[in-house]
Structures are given as structure tokens and as C-alpha cells.
file run_26.pdb (PDB, C-alpha atoms, pLDDT in the B column)
ATOM      1  CA  MET A  21     121.385 200.954 135.861  1.00 78.00           C
ATOM      2  CA  LEU A  22     123.666 203.942 136.491  1.00 76.00           C
ATOM      3  CA  THR A  23     121.003 206.386 135.291  1.00 78.00           C
ATOM      4  CA  VAL A  24     118.447 204.844 137.685  1.00 82.00           C
ATOM      5  CA  GLN A  25     120.900 205.567 140.514  1.00 79.00           C
ATOM      6  CA  GLY A  26     121.302 209.205 139.418  1.00 80.00           C
ATOM      7  CA  LEU A  27     124.703 208.564 137.831  1.00 82.00           C
ATOM      8  CA  GLU A  28     123.918 209.102 134.146  1.00 85.00           C
ATOM      9  CA  PRO A  29     126.995 208.473 131.985  1.00 87.00           C
ATOM     10  CA  ASP A  30     128.042 211.506 129.956  1.00 88.00           C
ATOM     11  CA  SER A  31     131.463 210.666 128.520  1.00 89.00           C
ATOM     12  CA  MET A  32     133.752 207.696 128.136  1.00 90.00           C
ATOM     13  CA  THR A  33     137.433 207.285 127.394  1.00 92.00           C
ATOM     14  CA  GLU A  34     138.690 204.000 125.978  1.00 93.00           C
ATOM     15  CA  THR A  35     142.305 203.153 125.335  1.00 95.00           C
ATOM     16  CA  ILE A  36     143.188 200.018 123.387  1.00 95.00           C
ATOM     17  CA  HIS A  37     146.664 198.591 122.945  1.00 96.00           C
ATOM     18  CA  ALA A  38     148.408 195.310 122.198  1.00 97.00           C
ATOM     19  CA  ARG A  39     151.051 193.679 124.364  1.00 97.00           C
ATOM     20  CA  THR A  40     152.663 190.387 125.227  1.00 97.00           C
ATOM     21  CA  PRO A  41     150.502 188.358 127.626  1.00 97.00           C
ATOM     22  CA  THR A  42     151.623 187.425 131.094  1.00 97.00           C
ATOM     23  CA  PRO A  43     152.164 183.685 131.631  1.00 96.00           C
ATOM     24  CA  HIS A  44     148.865 183.527 133.569  1.00 97.00           C
ATOM     25  CA  GLU A  45     146.943 185.307 130.789  1.00 97.00           C
ATOM     26  CA  ALA A  46     148.445 183.001 128.158  1.00 97.00           C
ATOM     27  CA  GLU A  47     147.350 179.973 130.180  1.00 96.00           C
ATOM     28  CA  VAL A  48     143.825 181.215 130.918  1.00 97.00           C
ATOM     29  CA  LEU A  49     143.245 182.346 127.324  1.00 96.00           C
ATOM     30  CA  GLN A  50     144.910 179.189 125.938  1.00 96.00           C
ATOM     31  CA  LEU A  51     147.142 181.254 123.663  1.00 96.00           C
ATOM     32  CA  PRO A  52     149.652 179.732 121.272  1.00 95.00           C
ATOM     33  CA  ALA A  53     153.256 180.849 121.751  1.00 93.00           C
ATOM     34  CA  GLY A  54     153.880 184.340 120.430  1.00 93.00           C
ATOM     35  CA  GLU A  55     150.267 185.526 120.318  1.00 96.00           C
ATOM     36  CA  ALA A  56     149.567 189.019 121.626  1.00 97.00           C
ATOM     37  CA  VAL A  57     146.670 190.192 123.734  1.00 98.00           C
ATOM     38  CA  MET A  58     144.554 193.301 123.254  1.00 97.00           C
ATOM     39  CA  VAL A  59     143.983 195.373 126.372  1.00 97.00           C
ATOM     40  CA  LEU A  60     141.014 197.719 126.677  1.00 95.00           C
ATOM     41  CA  HIS A  61     140.904 200.330 129.463  1.00 95.00           C
ATOM     42  CA  ARG A  62     137.588 202.163 129.808  1.00 93.00           C
ATOM     43  CA  ARG A  63     136.614 205.009 132.135  1.00 94.00           C
ATOM     44  CA  THR A  64     133.068 206.404 132.132  1.00 91.00           C
ATOM     45  CA  PHE A  65     132.141 209.726 133.742  1.00 91.00           C
ATOM     46  CA  THR A  66     129.025 211.689 134.644  1.00 90.00           C
ATOM     47  CA  ARG A  67     128.579 215.246 133.336  1.00 89.00           C
ATOM     48  CA  ASP A  68     130.170 216.641 136.535  1.00 91.00           C
ATOM     49  CA  GLY A  69     133.249 214.413 136.114  1.00 91.00           C
ATOM     50  CA  ARG A  70     132.413 211.656 138.578  1.00 91.00           C
ATOM     51  CA  LEU A  71     133.957 208.303 137.622  1.00 94.00           C
ATOM     52  CA  VAL A  72     131.146 205.717 137.452  1.00 93.00           C
ATOM     53  CA  GLU A  73     132.779 202.852 135.560  1.00 92.00           C
ATOM     54  CA  LEU A  74     136.302 201.522 135.339  1.00 95.00           C
ATOM     55  CA  ALA A  75     137.037 198.473 133.218  1.00 96.00           C
ATOM     56  CA  ARG A  76     140.094 196.585 132.033  1.00 96.00           C
ATOM     57  CA  ASP A  77     139.521 193.777 129.557  1.00 95.00           C
ATOM     58  CA  ILE A  78     142.160 191.436 128.147  1.00 97.00           C
ATOM     59  CA  HIS A  79     141.469 189.438 124.985  1.00 96.00           C
ATOM     60  CA  ALA A  80     143.396 187.173 122.617  1.00 97.00           C
ATOM     61  CA  ALA A  81     144.296 189.399 119.667  1.00 96.00           C
ATOM     62  CA  SER A  82     143.358 186.771 117.073  1.00 95.00           C
ATOM     63  CA  ARG A  83     139.903 186.156 118.536  1.00 92.00           C
ATOM     64  CA  PHE A  84     138.574 189.620 119.232  1.00 89.00           C
ATOM     65  CA  ALA A  85     137.487 192.718 117.328  1.00 91.00           C
ATOM     66  CA  TRP A  86     136.123 196.096 118.398  1.00 87.00           C
ATOM     67  CA  SER A  87     133.443 197.970 116.495  1.00 88.00           C
ATOM     68  CA  TYR A  88     132.312 201.497 117.335  1.00 84.00           C
ATOM     69  CA  THR A  89     129.361 203.595 116.267  1.00 84.00           C
ATOM     70  CA  PHE A  90     129.364 207.286 117.116  1.00 77.00           C
ATOM     71  CA  LYS A  91     126.656 209.856 116.567  1.00 77.00           C
ATOM     72  CA  ILE A  92     128.034 213.017 115.019  1.00 66.00           C
ATOM     73  CA  PRO A  93     126.862 216.080 116.953  1.00 64.00           C
ATOM     74  CA  ASP A  94     124.904 218.831 115.173  1.00 56.00           C
TER      75      ASP A  94
END
call {"tool": "encode", "arguments": {"input": "run_26.pdb", "output": "C-alpha cells"}}
result
Amino acid sequence: MLTVQGLEPDSMTETIHARTPTPHEAEVLQLPAGEAVMVLHRRTFTRDGRLVELARDIHAASRFAWSYTFKIPD
């Protein structure tokens, strides 16, 4: 969709960390006492540096996994 609008993604930065959930997050995610959440921050940019996506996702640590596949440049 971004490419169709002339905003082709070129690079992305993701930061993932664990932390204690807020009371609201614990309630919404139905977390047992003491369970952490994983927080993912993602920023996607065009080749000229324009920010075209900003995301923050919060997941129960025990119920989520990340998997990445990267092409290795020539």
C-alpha cells in the first residue's frame, strides 16, 4: 500500500524489550501476576529518510515469539 502511494519502504528499525506491564495492560492481556510483556517499537523509512510507519505493539511474553528472515546483501 505504501509503494502504491509513492512511499516505498527502504529501511526499518525494530527495538524489542521486556518490561513489567501496566495495570491496564495486565487486565486487557489477562496476565497472571508477575508475567512480563514484550514491547516492539518499529519505525519504517523511505530511501530519503521519510518516516512512513510507526508501530508499538505490546504482547504477553509467554504467548508471543518473533521470527526474522533477512536477505544477506551481495
call {"tool": "resolve_selection", "arguments": {"input": "run_26.pdb", "expression": "the PyMOL selection byres ((chain A and resi 40) around 8)", "output": "ChimeraX atom specification"}}
result
/A:38-39,41-42,54-57
call {"tool": "atom_distance", "arguments": {"input": "run_26.pdb", "atom1": "atom CA of Met58 of chain A", "atom2": "atom CA of Leu22 of chain A"}}
result
26.9 Å
call {"tool": "closest_atom_pairs", "arguments": {"input": "run_26.pdb", "of": "segment 42-66 of chain A", "to": "segment 28-36 of chain A", "cutoff": "9 Å", "atoms": "only C-alpha atoms", "output": "Markdown table"}}
result
| residue | atom | partner | partner_atom | distance |
| --- | --- | --- | --- | --- |
| A:Met58 | CA | A:Ile36 | CA | 6.9 |
| A:Val59 | CA | A:Ile36 | CA | 5.6 |
| A:Leu60 | CA | A:Ile36 | CA | 4.6 |
| A:His61 | CA | A:Thr35 | CA | 5.2 |
| A:Arg62 | CA | A:Glu34 | CA | 4.4 |
| A:Arg63 | CA | A:Thr33 | CA | 5.3 |
| A:Thr64 | CA | A:Met32 | CA | 4.3 |
| A:Phe65 | CA | A:Ser31 | CA | 5.3 |
| A:Thr66 | CA | A:Pro29 | CA | 4.6 |
call {"tool": "axis_aligned_box", "arguments": {"input": "run_26.pdb", "around": "segment 43-53 of chain A", "padding_each_side": "8 Å", "output": "JSON"}}
result
{"center_x": 148.3, "center_y": 182.2, "center_z": 127.4, "size_x": 26.0, "size_y": 22.1, "size_z": 28.3}
call {"tool": "atom_distance", "arguments": {"input": "run_26.pdb", "atom1": "atom CA of Lys91 of chain A", "atom2": "atom CA of Gly69 of chain A"}}
result
21.1 Å
call {"tool": "closest_residue", "arguments": {"input": "run_26.pdb", "among": "A:Glu45, A:Pro52, A:Leu27, A:Met21", "to": "Asp77 of chain A", "atoms": "only C-alpha atoms"}}
result
A:Glu45
call {"tool": "atom_distance", "arguments": {"input": "run_26.pdb", "atom1": "atom CA of Ser87 of chain A", "atom2": "atom CA of Leu51 of chain A"}}
result
22.8 Å
